[in-house]
There are 2 protein chains.
Amino acid sequence: MAARQDSDPRPVSRLAGGIEAGGTKFICLVAKGPEHIVAQTRIPTTTPAETLERTIAFFRPFVEAGQLADLGIACFGPLDLNPASPTYGHIITTPKPHWDHTDVLGTLQRALGVRTVITMDVSGAALGEWTWGAGQGCNPLLYLTVGTGIGGGVILNGKPFVGLVPLEMGHIRLPRDPSRDPFPGHCPFHRDCFEGLASGPALQARFGQNGESLPEDHPFWQVEADYIAHALVNYILTLAPEKIVLGGGVMRRAHLFPLIRHKVKTLLNGYLHHPAFLTDVDRYIVPPTLGDLSGSLGAIALAQSAATTA
Amino acid sequence: MAARQDSDPRPVSRLAGGIEAGGTKFICLVAKGPEHIVAQTRIPTTTPAETLERTIAFFRPFVEAGQLADLGIACFGPLDLNPASPTYGHIITTPKPHWDHTDVLGTLQRALGVRTVITMDVSGAALGEWTWGAGQGCNPLLYLTVGTGIGGGVILNGKPFVGLVPLEMGHIRLPRDPSRDPFPGHCPFHRDCFEGLASGPALQARFGQNGESLPEDHPFWQVEADYIAHALVNYILTLAPEKIVLGGGVMRRAHLFPLIRHKVKTLLNGYLHHPAFLTDVDRYIVPPTLGDLSGSLGAIALAQSAATTA
């Protein structure tokens, strides 16, 4: 293998397995990167036993053929990500039926016998976009998903950032004006936190239809953009990311981007002296470029990094 | 010098100069650490020429005697902290008269001829508390000052964290209820951001007296604690610090601590499964232990780190 530049922070390109383990489906890849995908499949998320068995069956032939020594998992959660914990790599508690306390990491590792690493779903998407997508090499990079839930993944010095606990950025509190938006909020823990007000299910609860079908000229879109912009401003002031990638189902409504960018500039009001917040905001707040493979490709990148540093 | 453990992240103890350059006064130390302070002085902040001249005069004898080869500065700002910028180490713009565009780093470095490093005032305080104080070794550590302004410093892997721009955590937006607190806010950029609502000058503007004299049973303290708690919850969800140290003039009112801790627990509502947010919140949100020397001692630690890695 050719010598790599020390300054190139990307993982070595080698074949790996990657799983975006989501609440709706598991996206499984065998790949070196987005330009070199050997196999892929989508498995509906049913019971843990059935879903993990089908996942194992997909990867097993590649392992048996000696093609695959590393597996990365970007998993829904909350997850136990403390390597010193006896339940490391388990899903802790989740509203998703049957999945409480599932040992995702251990089950796959034991069945396939490969080096296996795990991170949060949104950290996987962040890592995918950082490695090959819209946030390539940004330090730190913030990837925010606005969809069924709202969550943020931060890539710092090329790795998913975890503090004392995994980040739960979707649950921050924001200013709100009940006379403009009387919806009381939808989060079972915090009611009117960001996720409780602006996620896909919050739109569904308000209008009986989700963000995909609400017409583009509906006045609520400005309210939604304002919530997202307030959250981004708080993240910018607290984390100062080099770029923000906005993904997830709600963000597929592309007309939101100019509304959000404009509001972020208005809220910051020239306080931060950097072109990103003044003239270059169009290049600062961007959609992902890996489509619905951000997470599974991020899982590939995670597996490649683990292989490089092992 | 004895060999150090690689696992000890603290800088080597050696004599250094440290300055907390504040808007009211410059605190200058020659020290190895809090237990070994050779000299100290306080210089009122007047014009840049006069203040920096007196600062130089304090340190010069130690430099001439060969006792001092390193100087750290924890400076008010906003500062240019981009090492690639031609105005690195300058104060950019400040409401403080005369100090716009002052080259603090360059002026001291040229006059004293020692290795000189600079960081934001609040990052200095964070580093002081991380090295010798209430947040020793925490990763990440958040130090928040609530005083004339509100600002946060984050120590990550033993170093002040700077993203695309220095953090400006005091300017996040929070939920507010004008029927409970009709004060419109005091921030010239954002009006009712956290600093605009909860800093010392915001208290002064509301009551004609600052936080030091407002009686402990005044109903506003619960409002103040609620603002601070909302901000802490947002920082916890976004940065997941291992500990939070709350300093600054307003936080000298010790009765605020239990109010803030209780509200943080209430707002998180059991969502984060970690003792810090459940049973151990008294040890999670704490006052500083270095008194008003957090910043100047942090400047000493910064100088020592620079000397170690140079």
# chains A, B, ... in the order shown; residues from 1 in each chain; ligands from 1
call {"tool": "interface_residues", "arguments": {"of": "chain A", "to": "chain B", "cutoff": "9 Å", "atoms": "only C-alpha atoms", "output": "PyMOL selection string"}}
result
chain A and resi 139-140+152+161-176+189-190+230-231+233-243+267-274
call {"tool": "atom_distance", "arguments": {"atom1": "atom CA of Ser13 of chain B", "atom2": "atom CA of Ala306 of chain B"}}
result
12.0 Å
call {"tool": "atom_distance", "arguments": {"atom1": "atom CA of Leu297 of chain A", "atom2": "atom CA of Thr107 of chain A"}}
result
21.0 Å
call {"tool": "residues_around", "arguments": {"residues": "segment 110-122 of chain B", "least_positions_apart": "6", "cutoff": "8 Å", "atoms": "only C-alpha atoms", "output": "number ranges by chain"}}
result
B: 20-22, 56, 59-60, 63, 68-79, 81, 89, 143-145, 151-153, 160, 295, 299, 302-303, 306-307
call {"tool": "residues_around", "arguments": {"residues": "His255 of chain A", "least_positions_apart": "4", "cutoff": "12 Å", "atoms": "only C-alpha atoms", "output": "ChimeraX atom specification"}}
result
/A:211-212,215-218,221-222,224-225,250-251,259-262,287
call {"tool": "atom_distance", "arguments": {"atom1": "atom CA of Gly66 of chain A", "atom2": "atom CA of Leu108 of chain A"}}
result
16.8 Å
call {"tool": "select_by_dssp", "arguments": {"residues": "segment 237-301 of chain B", "states": "strand (DSSP E)", "output": "PyMOL selection string"}}
result
chain B and resi 243-247+285-286
call {"tool": "closest_residue", "arguments": {"among": "B:Pro97, B:Gly196, B:Pro201, B:Pro34", "to": "Thr47 of chain B", "atoms": "only C-alpha atoms"}}
result
B:Pro97
call {"tool": "select_by_dssp", "arguments": {"residues": "segment 49-130 of chain B", "states": "alpha helix (DSSP H)", "output": "ChimeraX atom specification"}}
result
/B:49-64,104-112,121-130
call {"tool": "write_last_selection", "arguments": {"atoms": "N, CA, C and O atoms", "output": "compact mmCIF listing (two decimals), in the first residue's frame"}}
result
# COMPACT_ATOMS: atom_id res chain seq x y z
N ALA B 49 -2.19 52.17 25.93
CA ALA B 49 -0.78 52.56 26.10
C ALA B 49 -0.39 52.50 27.58
O ALA B 49 0.59 51.86 27.96
N GLU B 50 -1.19 53.15 28.41
CA GLU B 50 -0.86 53.22 29.83
C GLU B 50 -0.92 51.85 30.50
O GLU B 50 -0.03 51.45 31.25
N THR B 51 -1.98 51.10 30.20
CA THR B 51 -2.17 49.81 30.86
C THR B 51 -1.08 48.82 30.47
O THR B 51 -0.52 48.12 31.32
N LEU B 52 -0.78 48.77 29.17
CA LEU B 52 0.23 47.81 28.71
C LEU B 52 1.62 48.22 29.20
O LEU B 52 2.44 47.36 29.55
N GLU B 53 1.88 49.52 29.26
CA GLU B 53 3.17 50.00 29.78
C GLU B 53 3.37 49.57 31.24
O GLU B 53 4.45 49.10 31.63
N ARG B 54 2.34 49.72 32.04
CA ARG B 54 2.46 49.31 33.46
C ARG B 54 2.59 47.79 33.57
O ARG B 54 3.29 47.30 34.46
N THR B 55 1.91 47.07 32.68
CA THR B 55 2.02 45.60 32.68
C THR B 55 3.46 45.18 32.34
O THR B 55 4.04 44.32 33.01
N ILE B 56 4.01 45.81 31.33
CA ILE B 56 5.40 45.51 30.91
C ILE B 56 6.37 45.81 32.05
O ILE B 56 7.27 45.02 32.34
N ALA B 57 6.15 46.95 32.72
CA ALA B 57 7.04 47.35 33.82
C ALA B 57 7.01 46.33 34.96
O ALA B 57 8.02 46.09 35.63
N PHE B 58 5.85 45.71 35.18
CA PHE B 58 5.75 44.70 36.24
C PHE B 58 6.57 43.45 35.90
O PHE B 58 7.27 42.90 36.76
N PHE B 59 6.50 43.01 34.65
CA PHE B 59 7.17 41.75 34.29
C PHE B 59 8.67 41.93 33.97
O PHE B 59 9.44 40.99 34.10
N ARG B 60 9.05 43.14 33.52
CA ARG B 60 10.42 43.33 33.00
C ARG B 60 11.52 42.86 33.94
O ARG B 60 12.44 42.15 33.49
N PRO B 61 11.47 43.20 35.26
CA PRO B 61 12.57 42.77 36.13
C PRO B 61 12.77 41.25 36.15
O PRO B 61 13.89 40.77 36.23
N PHE B 62 11.66 40.51 36.07
CA PHE B 62 11.76 39.04 36.10
C PHE B 62 12.40 38.53 34.82
O PHE B 62 13.16 37.56 34.83
N VAL B 63 12.08 39.18 33.71
CA VAL B 63 12.68 38.79 32.42
C VAL B 63 14.17 39.11 32.44
O VAL B 63 15.01 38.28 32.08
N GLU B 64 14.50 40.31 32.92
CA GLU B 64 15.92 40.73 32.93
C GLU B 64 16.75 39.86 33.86
O GLU B 64 17.94 39.64 33.61
N VAL B 104 -2.56 43.34 21.53
CA VAL B 104 -2.16 42.99 22.89
C VAL B 104 -0.99 42.01 22.86
O VAL B 104 0.05 42.21 23.52
N LEU B 105 -1.13 40.95 22.08
CA LEU B 105 -0.08 39.92 22.02
C LEU B 105 1.24 40.50 21.53
O LEU B 105 2.29 40.34 22.17
N GLY B 106 1.21 41.20 20.39
CA GLY B 106 2.43 41.71 19.77
C GLY B 106 3.13 42.74 20.64
O GLY B 106 4.36 42.75 20.77
N THR B 107 2.34 43.63 21.26
CA THR B 107 2.93 44.69 22.09
C THR B 107 3.72 44.10 23.25
O THR B 107 4.86 44.49 23.51
N LEU B 108 3.13 43.12 23.93
CA LEU B 108 3.80 42.53 25.09
C LEU B 108 4.99 41.68 24.65
O LEU B 108 6.05 41.71 25.29
N GLN B 109 4.80 40.94 23.56
CA GLN B 109 5.87 40.06 23.08
C GLN B 109 7.10 40.87 22.67
O GLN B 109 8.22 40.53 23.02
N ARG B 110 6.86 41.95 21.93
CA ARG B 110 7.99 42.78 21.47
C ARG B 110 8.70 43.45 22.64
O ARG B 110 9.92 43.51 22.70
N ALA B 111 7.91 43.95 23.59
CA ALA B 111 8.52 44.69 24.70
C ALA B 111 9.31 43.78 25.64
O ALA B 111 10.35 44.17 26.16
N LEU B 112 8.80 42.55 25.85
CA LEU B 112 9.43 41.68 26.85
C LEU B 112 10.35 40.64 26.22
O LEU B 112 11.22 40.10 26.91
N ASP B 121 -10.37 35.51 27.64
CA ASP B 121 -10.42 35.60 29.11
C ASP B 121 -11.10 34.38 29.72
O ASP B 121 -10.58 33.75 30.64
N VAL B 122 -12.24 34.01 29.16
CA VAL B 122 -13.01 32.93 29.78
C VAL B 122 -12.35 31.57 29.53
O VAL B 122 -12.46 30.67 30.37
N SER B 123 -11.63 31.43 28.43
CA SER B 123 -10.87 30.20 28.20
C SER B 123 -9.72 30.11 29.21
O SER B 123 -9.36 29.02 29.66
N GLY B 124 -9.15 31.26 29.55
CA GLY B 124 -8.10 31.28 30.57
C GLY B 124 -8.65 30.81 31.91
O GLY B 124 -8.06 29.96 32.59
N ALA B 125 -9.80 31.35 32.30
CA ALA B 125 -10.41 30.93 33.57
C ALA B 125 -10.73 29.44 33.54
O ALA B 125 -10.52 28.72 34.52
N ALA B 126 -11.23 28.98 32.40
CA ALA B 126 -11.53 27.55 32.26
C ALA B 126 -10.26 26.72 32.44
O ALA B 126 -10.25 25.71 33.14
N LEU B 127 -9.18 27.18 31.82
CA LEU B 127 -7.92 26.43 31.89
C LEU B 127 -7.34 26.43 33.31
O LEU B 127 -6.79 25.43 33.78
N GLY B 128 -7.49 27.57 34.00
CA GLY B 128 -7.04 27.63 35.40
C GLY B 128 -7.80 26.63 36.26
O GLY B 128 -7.20 25.85 37.01
N GLU B 129 -9.12 26.61 36.13
CA GLU B 129 -9.94 25.68 36.93
C GLU B 129 -9.71 24.23 36.50
O GLU B 129 -9.81 23.32 37.31
N TRP B 130 -9.38 24.02 35.24
CA TRP B 130 -9.10 22.67 34.74
C TRP B 130 -7.76 22.15 35.28
O TRP B 130 -7.60 20.98 35.59
call {"tool": "residues_around", "arguments": {"residues": "Ile43 of chain A", "least_positions_apart": "2", "cutoff": "9 Å", "atoms": "only C-alpha atoms", "output": "number ranges by chain"}}
result
A: 24-28, 41, 45-46, 51, 54-55
call {"tool": "residues_around", "arguments": {"residues": "Gly200 of chain B", "least_positions_apart": "2", "cutoff": "7 Å", "atoms": "only C-alpha atoms", "output": "number ranges by chain"}}
result
B: 147-148, 198, 202-204, 210-211, 250
